[in-house]
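J.: Handing over protein24.txt, compact mmCIF, C-alpha atoms.
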```
# COMPACT_ATOMS: atom_id res chain seq x y z
CA MET A 1 48.09 0.54 -79.24
CA ALA A 2 46.81 -2.74 -80.57
CA GLU A 3 44.03 -4.27 -78.52
CA HIS A 4 43.88 -7.91 -77.51
CA ARG A 5 40.43 -9.43 -77.61
CA THR A 6 39.52 -12.59 -75.74
CA ASP A 7 36.13 -14.12 -75.01
CA GLY A 8 34.38 -11.62 -72.77
CA HIS A 9 37.55 -9.58 -72.24
CA PRO A 10 37.85 -7.07 -75.15
CA HIS A 11 40.51 -4.68 -73.90
CA GLY A 12 44.19 -3.80 -73.80
CA ALA A 13 46.64 -3.50 -70.92
CA ASP A 14 45.74 0.17 -70.55
CA ARG A 15 42.19 -0.64 -69.40
CA LEU A 16 41.82 -4.00 -67.68
CA CYS A 17 38.43 -5.58 -67.09
CA GLU A 18 37.22 -5.72 -63.50
CA ALA A 19 38.11 -9.41 -63.09
CA GLY A 20 41.55 -8.93 -64.65
CA ASP A 21 42.24 -5.92 -62.45
CA ARG A 22 41.33 -7.90 -59.34
CA VAL A 23 43.50 -10.94 -60.16
CA TYR A 24 46.51 -8.93 -61.37
CA SER A 25 46.39 -6.67 -58.29
CA ARG A 26 46.29 -9.73 -56.04
CA ALA A 27 49.25 -11.24 -57.89
CA VAL A 28 51.29 -8.05 -57.43
CA ARG A 29 50.47 -7.88 -53.72
CA ARG A 30 51.14 -11.55 -52.97
CA GLY A 31 53.87 -12.26 -55.52
CA ARG A 32 51.91 -15.02 -57.29
CA VAL A 33 48.40 -16.51 -57.71
CA PRO A 34 47.21 -20.11 -58.28
CA ARG A 35 46.31 -21.31 -61.78
CA ARG A 36 42.63 -21.72 -60.85
CA ASP A 37 42.37 -17.95 -60.21
CA VAL A 38 43.83 -17.19 -63.64
CA GLU A 39 41.60 -19.44 -65.74
CA PRO A 40 38.58 -17.02 -65.72
CA VAL A 41 40.78 -14.15 -66.97
CA PRO A 42 42.74 -15.38 -70.04
CA CYS A 43 43.24 -11.73 -70.98
CA LEU A 44 46.04 -11.48 -68.39
CA LEU A 45 47.98 -14.21 -70.18
CA GLU A 46 47.40 -12.77 -73.67
CA LEU A 47 48.57 -9.36 -72.44
CA ALA A 48 51.62 -10.99 -70.80
CA LEU A 49 50.67 -9.56 -67.40
CA LEU A 50 51.00 -13.00 -65.81
CA HIS A 51 53.29 -15.92 -66.65
CA PRO A 52 53.85 -19.38 -65.15
CA ASP A 53 56.11 -19.67 -62.13
CA PRO A 54 59.13 -21.70 -63.37
CA ASP A 55 59.43 -23.28 -59.92
CA ASP A 56 55.79 -24.40 -59.75
CA MET A 57 53.68 -24.49 -62.91
CA ASP A 58 50.45 -24.50 -60.87
CA TRP A 59 51.15 -20.88 -59.95
CA PHE A 60 51.48 -17.66 -61.97
CA VAL A 61 53.70 -14.67 -61.17
CA PRO A 62 53.00 -11.08 -62.31
CA THR A 63 54.95 -8.95 -64.74
CA SER A 64 56.11 -5.91 -62.74
CA PRO A 65 53.92 -2.78 -63.02
CA GLN A 66 57.06 -0.81 -64.01
CA GLU A 67 57.61 -3.09 -67.00
CA VAL A 68 53.94 -2.82 -68.01
CA MET A 69 54.14 0.98 -67.72
CA THR A 70 57.22 1.08 -69.96
CA ARG A 71 55.48 -1.12 -72.55
CA LEU A 72 52.41 1.14 -72.59
CA LEU A 73 54.46 4.34 -72.84
CA ARG A 74 56.50 2.97 -75.72
CA GLY A 75 53.27 2.09 -77.54
CA VAL A 76 51.96 5.62 -76.98
CA TYR A 77 55.24 7.14 -78.18
CA ASP A 78 55.22 5.02 -81.34
CA GLU A 79 51.59 5.87 -82.00
CA VAL A 80 52.14 9.64 -81.69
CA SER A 81 55.26 9.50 -83.86
CA ALA A 82 53.44 7.57 -86.57
CA SER A 83 50.49 10.01 -86.53
CA GLN A 84 52.80 13.01 -86.79
CA ARG A 85 54.69 11.46 -89.70
CA ARG A 86 51.45 10.74 -91.57
CA VAL A 87 50.11 14.24 -90.98
CA GLY A 88 53.42 15.77 -92.08
CA SER A 89 53.27 13.80 -95.33
CA ALA A 90 49.66 14.83 -95.91
CA VAL A 91 50.39 18.52 -95.31
CA ALA A 92 53.37 18.37 -97.69
CA ALA A 93 51.12 16.82 -100.33
CA PHE A 94 48.46 19.49 -99.76
CA GLU A 95 51.06 22.24 -100.20
CA TRP A 96 52.25 20.68 -103.45
CA TYR A 97 48.73 20.48 -104.83
CA ALA A 98 48.01 23.99 -103.58
CA GLY A 99 50.99 25.19 -105.62
CA LEU A 100 49.51 23.57 -108.70
CA GLY A 101 46.07 24.96 -107.92
CA SER A 102 47.38 28.52 -107.62
CA ARG A 103 48.20 28.45 -111.33
CA ILE A 104 44.55 27.96 -112.24
CA PRO A 105 42.52 31.19 -112.70
CA ALA A 106 40.12 31.80 -109.82
CA SER A 107 37.18 31.72 -112.25
CA ALA A 108 38.05 28.12 -113.15
CA ALA A 109 37.76 26.84 -109.55
CA PRO A 110 34.15 25.81 -108.81
CA GLU A 111 32.58 26.86 -105.52
CA GLY A 112 32.11 24.04 -103.04
CA THR A 113 35.12 22.11 -104.35
CA ALA A 114 36.64 19.45 -102.08
CA ILE A 115 39.94 21.37 -101.71
CA ARG A 116 39.87 25.15 -102.07
CA VAL A 117 42.91 27.44 -101.86
CA LEU A 118 42.28 30.62 -99.85
CA ASP A 119 44.82 33.25 -100.88
CA GLY A 120 45.16 36.18 -98.47
CA LEU A 121 44.12 36.82 -94.88
CA ALA A 122 40.87 38.54 -95.86
CA ARG A 123 39.66 35.53 -97.84
CA ILE A 124 40.73 33.17 -95.07
CA GLN A 125 38.84 35.19 -92.44
CA ALA A 126 35.72 35.34 -94.65
CA ALA A 127 35.72 31.57 -95.15
CA MET A 128 36.22 30.99 -91.42
CA ASP A 129 33.33 33.32 -90.60
CA GLU A 130 31.12 31.46 -93.08
CA ALA A 131 32.02 28.09 -91.53
CA THR A 132 31.39 29.50 -88.05
CA GLU A 133 27.90 30.66 -89.01
CA ALA A 134 27.05 27.24 -90.42
CA CYS A 135 28.48 25.29 -87.46
CA THR A 136 25.90 23.76 -85.10
CA THR A 137 27.61 21.04 -83.05
CA GLU A 138 31.38 20.91 -82.60
CA VAL A 139 34.69 22.64 -83.34
CA LEU A 140 38.04 20.86 -83.01
CA THR A 141 41.27 22.86 -83.17
CA VAL A 142 45.01 22.24 -82.97
CA GLN A 143 47.04 25.32 -82.02
CA PRO A 144 50.81 24.86 -82.40
CA GLY A 145 53.43 27.25 -81.08
CA GLY A 146 53.99 28.35 -77.53
CA ILE A 147 52.29 30.96 -75.38
CA ARG A 148 49.27 32.36 -77.20
CA ARG A 149 49.55 36.12 -77.62
CA GLU A 150 46.61 38.32 -76.69
CA HIS A 151 46.06 39.55 -80.25
CA GLU A 152 46.01 35.98 -81.59
CA LEU A 153 43.32 35.03 -79.10
CA SER A 154 41.27 38.18 -79.74
CA GLU A 155 41.32 37.68 -83.54
CA GLY A 156 39.00 34.69 -83.34
CA LEU A 157 37.16 35.69 -80.16
CA HIS A 158 34.07 36.91 -82.03
CA ARG A 159 33.73 33.50 -83.69
CA ALA A 160 34.22 31.65 -80.37
CA LEU A 161 31.59 33.77 -78.64
CA ALA A 162 29.14 33.23 -81.50
CA LEU A 163 29.67 29.47 -81.25
CA ARG A 164 29.24 29.52 -77.48
CA GLY A 165 25.98 31.41 -77.91
CA ARG A 166 24.62 28.55 -80.04
CA GLY A 167 25.77 25.83 -77.64
CA VAL A 168 28.56 24.55 -79.89
CA ARG A 169 31.18 22.50 -78.02
CA MET A 170 34.88 23.20 -78.61
CA ARG A 171 37.99 21.11 -77.97
CA ASP A 172 41.43 22.70 -78.32
CA LEU A 173 44.89 21.09 -78.40
CA TYR A 174 47.96 23.15 -77.45
CA THR A 175 51.60 22.50 -76.61
CA HIS A 176 52.53 22.23 -72.92
CA VAL A 177 54.24 25.63 -73.20
CA ALA A 178 50.87 27.31 -73.78
CA ARG A 179 49.96 26.52 -70.16
CA HIS A 180 52.13 29.46 -69.06
CA GLY A 181 50.19 32.10 -71.01
CA GLN A 182 47.79 34.20 -68.97
CA GLY A 183 45.92 35.17 -72.14
CA LEU A 184 44.90 31.57 -72.77
CA LEU A 185 43.78 31.12 -69.16
CA ASN A 186 41.67 34.29 -69.43
CA TYR A 187 40.14 33.05 -72.69
CA LEU A 188 39.22 29.67 -71.20
CA GLU A 189 37.73 31.33 -68.13
CA LEU A 190 35.62 33.55 -70.40
CA MET A 191 34.39 30.59 -72.46
CA GLY A 192 33.55 28.47 -69.41
CA ASP A 193 32.68 24.80 -69.93
CA THR A 194 32.03 25.42 -73.63
CA VAL A 195 35.75 24.86 -74.32
CA GLU A 196 37.89 21.93 -73.16
CA ALA A 197 41.66 22.26 -73.58
CA ARG A 198 44.46 19.69 -73.44
CA THR A 199 48.21 19.85 -74.09
CA LEU A 200 51.03 17.73 -75.55
CA ASP A 201 54.80 18.14 -75.83
CA GLU A 202 54.28 18.94 -79.52
CA VAL A 203 51.34 18.99 -81.89
CA ILE A 204 50.76 19.02 -85.64
CA ASP A 205 50.40 22.27 -87.59
CA ARG A 206 47.30 24.42 -87.17
CA LEU A 207 44.00 22.67 -87.82
CA ILE A 208 40.40 23.85 -87.40
CA LEU A 209 37.49 21.45 -87.98
CA PHE A 210 33.84 22.53 -88.04
CA ASP A 211 31.13 19.89 -87.49
CA ARG A 212 33.45 17.26 -89.01
CA THR A 213 32.48 18.52 -92.48
CA VAL A 214 34.94 21.35 -93.27
CA ALA A 215 38.54 21.86 -92.17
CA PHE A 216 41.13 24.62 -92.52
CA ILE A 217 44.91 24.07 -92.57
CA PRO A 218 47.85 26.35 -93.54
CA ALA A 219 49.00 26.23 -97.16
CA ASN A 220 52.32 28.06 -96.71
CA ALA A 221 54.85 28.78 -93.98
CA ASP A 222 53.72 32.34 -93.14
CA ARG A 223 50.03 31.33 -93.11
CA THR A 224 48.92 33.91 -95.67
CA MET A 225 47.36 31.04 -97.61
CA ALA A 226 45.10 28.27 -96.33
CA LEU A 227 43.35 25.18 -97.62
CA GLU A 228 39.63 24.73 -97.08
CA LEU A 229 38.94 20.98 -97.11
CA ARG A 230 35.53 19.41 -97.62
CA HIS A 231 36.45 15.99 -99.00
CA PRO A 232 34.87 13.36 -96.67
CA GLY A 233 37.96 11.14 -96.82
CA LEU A 234 40.32 13.98 -95.84
CA ILE A 235 37.97 15.15 -93.10
CA ALA A 236 37.68 11.63 -91.67
CA TYR A 237 41.48 11.31 -91.67
CA LEU A 238 42.00 14.62 -89.87
CA VAL A 239 39.32 13.78 -87.30
CA THR A 240 41.09 10.47 -86.59
CA VAL A 241 44.41 12.26 -86.12
CA PHE A 242 42.82 14.79 -83.77
CA GLU A 243 41.06 12.14 -81.68
CA ARG A 244 44.24 10.10 -81.26
CA LEU A 245 46.23 13.14 -80.19
CA TRP A 246 43.39 14.18 -77.87
CA ARG A 247 43.43 10.79 -76.15
CA LEU A 248 47.18 11.12 -75.54
CA ALA A 249 47.05 14.75 -74.38
CA LEU A 250 46.81 15.96 -70.77
CA PRO A 251 43.98 18.17 -69.49
CA LEU A 252 45.16 21.74 -68.99
CA THR A 253 44.52 21.47 -65.25
CA ALA A 254 46.50 18.22 -64.85
CA PRO A 255 50.17 18.44 -63.80
CA LEU A 256 52.87 17.37 -66.24
CA PRO A 257 54.35 13.93 -65.43
CA ASP A 258 57.61 13.75 -63.50
CA THR A 259 60.61 12.65 -65.58
CA GLY A 260 61.86 10.40 -62.80
CA ILE A 261 65.33 11.93 -63.13
CA LYS A 262 66.46 14.45 -60.54
CA GLY A 263 67.24 17.87 -62.00
CA ILE A 264 65.64 17.23 -65.41
CA SER A 265 62.28 18.83 -66.18
CA HIS A 266 59.55 17.49 -68.43
CA ARG A 267 60.45 20.04 -71.12
CA GLU A 268 64.12 19.08 -70.96
CA ARG A 269 63.14 15.43 -71.47
CA SER A 270 61.24 16.47 -74.62
CA ILE A 271 64.24 18.46 -75.86
CA ALA A 272 66.55 15.53 -75.14
CA ALA A 273 64.37 13.16 -77.19
CA LEU A 274 64.44 15.55 -80.18
CA LEU A 275 68.20 16.04 -79.81
CA ALA A 276 68.59 12.27 -79.95
CA GLU A 277 66.70 12.29 -83.27
CA GLY A 278 69.33 14.69 -84.65
CA HIS A 279 67.25 17.88 -84.83
CA GLN A 280 68.85 21.33 -84.73
CA ASP A 281 68.01 23.88 -82.03
CA ALA A 282 65.72 25.96 -84.27
CA VAL A 283 63.67 22.91 -85.27
CA ILE A 284 63.35 21.74 -81.66
CA ALA A 285 62.27 25.22 -80.55
CA GLU A 286 59.59 25.43 -83.26
CA ARG A 287 58.19 21.98 -82.51
CA LEU A 288 57.94 22.62 -78.77
CA GLY A 289 56.68 26.20 -79.11
CA ILE A 290 59.62 27.90 -77.38
CA SER A 291 62.24 30.39 -78.52
CA VAL A 292 65.64 29.24 -79.77
CA ARG A 293 67.24 31.10 -76.88
CA THR A 294 65.11 29.25 -74.33
CA CYS A 295 65.82 25.96 -76.09
CA ARG A 296 69.58 26.51 -75.87
CA ALA A 297 69.32 27.43 -72.19
CA HIS A 298 67.57 24.08 -71.54
CA ILE A 299 70.24 22.25 -73.55
CA ALA A 300 72.94 23.93 -71.45
CA ARG A 301 71.19 22.79 -68.26
CA LEU A 302 70.87 19.26 -69.65
CA SER A 303 74.61 19.20 -70.38
CA GLU A 304 75.40 20.40 -66.87
CA THR A 305 73.05 17.93 -65.19
CA LEU A 306 74.32 14.98 -67.23
CA GLY A 307 77.97 16.03 -67.01
CA ALA A 308 78.45 16.39 -70.77
CA ALA A 309 81.31 18.58 -72.02
CA SER A 310 80.27 18.54 -75.71
CA ARG A 311 77.21 18.09 -77.91
CA THR A 312 78.41 14.61 -78.90
CA GLN A 313 78.93 13.62 -75.29
CA LEU A 314 75.47 14.97 -74.45
CA GLY A 315 73.98 12.59 -77.02
CA VAL A 316 75.73 9.68 -75.32
CA ARG A 317 74.48 10.76 -71.88
CA ILE A 318 70.92 11.14 -73.18
CA ALA A 319 70.98 7.56 -74.44
CA GLN A 320 72.56 6.27 -71.21
CA VAL A 321 69.77 7.58 -68.98
CA GLY A 322 66.98 6.74 -71.42
CA LEU A 323 66.01 10.29 -72.41
CA ASP A 324 66.02 9.33 -76.09
CA GLY A 325 62.62 7.63 -75.89
CA PRO A 326 59.65 7.00 -73.59
CA PRO A 327 60.30 7.24 -69.84
CA ARG A 328 61.79 4.16 -68.20
CA PRO A 329 60.70 2.88 -64.77
CA ALA A 330 62.15 5.14 -62.08
CA ALA A 331 64.27 2.35 -60.63
CA ALA A 332 65.99 1.83 -63.97
CA VAL A 333 66.97 5.46 -64.50
CA SER A 334 70.14 6.99 -63.12
CA VAL A 335 72.39 9.86 -64.14
CA PRO A 336 75.88 8.64 -65.14
CA ASP A 337 78.66 9.40 -62.67
CA ARG A 338 80.56 12.41 -64.00
CA GLU A 339 83.78 10.89 -62.72
CA SER A 340 83.29 7.53 -64.44
CA PRO A 341 85.58 6.64 -67.38
CA THR A 342 82.75 7.16 -69.87
CA ALA A 343 82.32 10.72 -68.64
CA ARG A 344 85.80 11.75 -69.73
```
Would you write out, as structure tokens, the structure that this file holds?
T.:
Amino acid sequence: MAEHRTDGHPHGADRLCEAGDRVYSRAVRRGRVPRRDVEPVPCLLELALLHPDPDDMDWFVPTSPQEVMTRLLRGVYDEVSASQRRVGSAVAAFEWYAGLGSRIPASAAPEGTAIRVLDGLARIQAAMDEATEACTTEVLTVQPGGIRREHELSEGLHRALALRGRGVRMRDLYTHVARHGQGLLNYLELMGDTVEARTLDEVIDRLILFDRTVAFIPANADRTMALELRHPGLIAYLVTVFERLWRLALPLTAPLPDTGIKGISHRERSIAALLAEGHQDAVIAERLGISVRTCRAHIARLSETLGAASRTQLGVRIAQVGLDGPPRPAAAVSVPDRESPTAR
């Protein structure tokens, strides 16, 4: 989200200064505050948290916290969507260049090149082991998909233990679905405070960054090829993407936010938003890390809860209750009456 900067008040609406917090809180409690109280905190006016009382211009009334919350959530939603679109474009470009690079004889590709194609699992594992041995400070990873299987976690366990032994810090991003996997919980318990994990509704494709100097990403759909990236510009871009997603993600121990709509879970809200974008069941399932069967079961429950008799009608219901975007204030959300004319 864009930040507003005023003299002595460099912040956005998501982190008010102490003086701004005090005046805005007072305005919400009392319904309005005098102009003299607002003059020391011009940030509240620039952020549109206070505005003049039309009945008495010497007083200011607050914007409702629900409206501020909606504004912040929409900014977050737009920011995540933009990051995901940029990463998707970058990965597509990498795959295209990887296809061109695969036509060049291996002997022609110099060692230490900025973008290196790793063809085959053995070569990928060897490069990862080499990067692990050289790593001294930090590892950042994005792990898409759903529940992490035991064998997937055990494949890289030797590298994680080696990093822990050298005091390297690790931060991992997963989808919310991964929270339900006992294997991941066991892994995090084993690693202790060396690893910090957070989750999102959906993440970008797999990414592993060592010491902010070398990164690995998939180069094909079945992940039998990978790209080893050492170009400073690419690394800086991927670090920025990771840090923005990390800021938006929830700690693994934190509960998922309530949708504010009775009978609709957080996951069903995520599915509804993707349905509103026109995605098919298989695409939605892949992005959220669940099976197609599970996805369709959630869609069926959504239809029942919203009183939709068809896929088209479900799209209308999703828009009516605001499930096609960021959450609305609870007071503004209601499920349409199934007996109303629009429900027929």
J.: For each of A:Asp37, A:Asp55, A:Asp129, A:Glu79, take the minimum atom-to-atom distance to Leu163 in chain A, counting only C-alpha atoms, then give the residue where this is smallest.
T.: A:Asp129
J.: Using all atoms listed in the file, find the one residue out of A:Arg123, A:Arg116, A:Lys262, A:Arg198 that sits nearest to Leu229 in chain A.
T.: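 Result for the nearest residue to Leu229 in chain A: A:Arg116.
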J.: CA of Glu268 in chain A and CA of Tyr174 in chain A are how many Å apart?
T.: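 A separation of 17.9 Å between them.
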J.: In Å, how far is it from CA of Ser265 in chain A to CA of Leu323 in chain A?
T.: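 It comes out at 11.2 Å.
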J.: Given all atoms listed in the file as the basis, pick out the residue of A:Ile204, A:Ala134, A:Ala82, A:Leu302 nearest to Phe242 in chain A.
T.: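 Closest to Phe242 in chain A, using all atoms listed in the file: A:Ile204.
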J.: What does the structure give for the distance between CA of Gly99 in chain A and CA of Leu173 in chain A, in Å to one decimal?
T.: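 Atom-to-atom, CA of Gly99 in chain A and CA of Leu173 in chain A are spaced 28.2 Å apart.
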J.: Kindly provide the residues of range 141-258 of chain A that approach range 83-93 of chain A to within 12 Å, each paired with its closest atom pair and their distance in Å to one decimal, based on only C-alpha atoms, listed by chain and increasing number, as a tab-separated table.
T.:
```
residue	atom	partner	partner_atom	distance
A:Glu202	CA	A:Gln84	CA	9.5
A:Val203	CA	A:Gln84	CA	7.9
A:Ile204	CA	A:Gln84	CA	6.5
A:Asp205	CA	A:Gly88	CA	8.5
A:Arg206	CA	A:Val91	CA	10.5
A:Leu207	CA	A:Val91	CA	10.7
A:Phe216	CA	A:Val91	CA	11.4
A:Ile217	CA	A:Val91	CA	8.3
A:Pro218	CA	A:Val91	CA	8.4
A:Ala219	CA	A:Val91	CA	8.0
A:Asn220	CA	A:Ala92	CA	9.8
A:Ala221	CA	A:Ala92	CA	11.2
A:Ala226	CA	A:Val91	CA	11.1
A:Leu227	CA	A:Val91	CA	10.0
A:Leu229	CA	A:Val91	CA	11.8
A:Leu234	CA	A:Ala90	CA	9.4
A:Tyr237	CA	A:Val87	CA	9.1
A:Leu238	CA	A:Val87	CA	8.2
A:Val239	CA	A:Val87	CA	11.4
A:Thr240	CA	A:Ser83	CA	9.4
A:Val241	CA	A:Ser83	CA	6.5
A:Phe242	CA	A:Ser83	CA	9.4
A:Glu243	CA	A:Ser83	CA	10.8
A:Arg244	CA	A:Ser83	CA	8.2
A:Leu245	CA	A:Ser83	CA	8.3
A:Trp246	CA	A:Ser83	CA	11.9
A:Leu248	CA	A:Ser83	CA	11.5
```
J.: Save out the residues we just selected, C-alpha atoms, as a PDB file, keeping the file's coordinate frame.
T.:
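Final file, selection-v9.pdb:
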```
ATOM      1  CA  GLU A 202      54.280  18.940 -79.520  1.00  0.00           C
ATOM      2  CA  VAL A 203      51.340  18.990 -81.890  1.00  0.00           C
ATOM      3  CA  ILE A 204      50.760  19.020 -85.640  1.00  0.00           C
ATOM      4  CA  ASP A 205      50.400  22.270 -87.590  1.00  0.00           C
ATOM      5  CA  ARG A 206      47.300  24.420 -87.170  1.00  0.00           C
ATOM      6  CA  LEU A 207      44.000  22.670 -87.820  1.00  0.00           C
ATOM      7  CA  PHE A 216      41.130  24.620 -92.520  1.00  0.00           C
ATOM      8  CA  ILE A 217      44.910  24.070 -92.570  1.00  0.00           C
ATOM      9  CA  PRO A 218      47.850  26.350 -93.540  1.00  0.00           C
ATOM     10  CA  ALA A 219      49.000  26.230 -97.160  1.00  0.00           C
ATOM     11  CA  ASN A 220      52.320  28.060 -96.710  1.00  0.00           C
ATOM     12  CA  ALA A 221      54.850  28.780 -93.980  1.00  0.00           C
ATOM     13  CA  ALA A 226      45.100  28.270 -96.330  1.00  0.00           C
ATOM     14  CA  LEU A 227      43.350  25.180 -97.620  1.00  0.00           C
ATOM     15  CA  LEU A 229      38.940  20.980 -97.110  1.00  0.00           C
ATOM     16  CA  LEU A 234      40.320  13.980 -95.840  1.00  0.00           C
ATOM     17  CA  TYR A 237      41.480  11.310 -91.670  1.00  0.00           C
ATOM     18  CA  LEU A 238      42.000  14.620 -89.870  1.00  0.00           C
ATOM     19  CA  VAL A 239      39.320  13.780 -87.300  1.00  0.00           C
ATOM     20  CA  THR A 240      41.090  10.470 -86.590  1.00  0.00           C
ATOM     21  CA  VAL A 241      44.410  12.260 -86.120  1.00  0.00           C
ATOM     22  CA  PHE A 242      42.820  14.790 -83.770  1.00  0.00           C
ATOM     23  CA  GLU A 243      41.060  12.140 -81.680  1.00  0.00           C
ATOM     24  CA  ARG A 244      44.240  10.100 -81.260  1.00  0.00           C
ATOM     25  CA  LEU A 245      46.230  13.140 -80.190  1.00  0.00           C
ATOM     26  CA  TRP A 246      43.390  14.180 -77.870  1.00  0.00           C
ATOM     27  CA  LEU A 248      47.180  11.120 -75.540  1.00  0.00           C
TER      28      LEU A 248
END
```
J.: Using the file's own x, y and z axes, what box holds all listed atoms of range 68-81 of chain A with 3 Å on each side, keeping edges along x, y and z, and what are its centre and edge lengths in Å to one decimal, as JSON?
T.:
```
{"center_x": 54.4, "center_y": 3.4, "center_z": -75.8, "size_x": 11.6, "size_y": 18.5, "size_z": 22.1}
```
J.: Show me the residues close to (53.5, -14.0, -63.1) - anything with an atom within 7 Å, counting all atoms listed in the file - and format the list as a PyMOL selection string.
T.: chain A and resi 32+49-53+60-63
J.: Emit the selected residues as a PDB file, in the coordinates of the input, including C-alpha atoms.
T.:
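Output file part.pdb follows:
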```
ATOM      1  CA  ARG A  32      51.910 -15.020 -57.290  1.00  0.00           C
ATOM      2  CA  LEU A  49      50.670  -9.560 -67.400  1.00  0.00           C
ATOM      3  CA  LEU A  50      51.000 -13.000 -65.810  1.00  0.00           C
ATOM      4  CA  HIS A  51      53.290 -15.920 -66.650  1.00  0.00           C
ATOM      5  CA  PRO A  52      53.850 -19.380 -65.150  1.00  0.00           C
ATOM      6  CA  ASP A  53      56.110 -19.670 -62.130  1.00  0.00           C
ATOM      7  CA  PHE A  60      51.480 -17.660 -61.970  1.00  0.00           C
ATOM      8  CA  VAL A  61      53.700 -14.670 -61.170  1.00  0.00           C
ATOM      9  CA  PRO A  62      53.000 -11.080 -62.310  1.00  0.00           C
ATOM     10  CA  THR A  63      54.950  -8.950 -64.740  1.00  0.00           C
TER      11      THR A  63
END
```
J.: So which one's closest to Ile264 in chain A, A:Ala300, A:Val68, A:Met57, A:Leu288? Using all atoms listed in the file, please.
T.: A:Ala300
J.: Pick the closest to Leu256 in chain A from A:Val177, A:Ile235, A:Met128, A:Ala215: which is it, counting all atoms listed in the file?
T.: A:Val177
J.: For a quick check of understanding, using all atoms listed in the file, which of A:Asn186, A:Thr113, A:Thr136, A:Ser291 has the smallest distance to Phe210 in chain A?
T.: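 Once distances to Phe210 in chain A are computed over all atoms listed in the file, the minimum belongs to A:Thr136.
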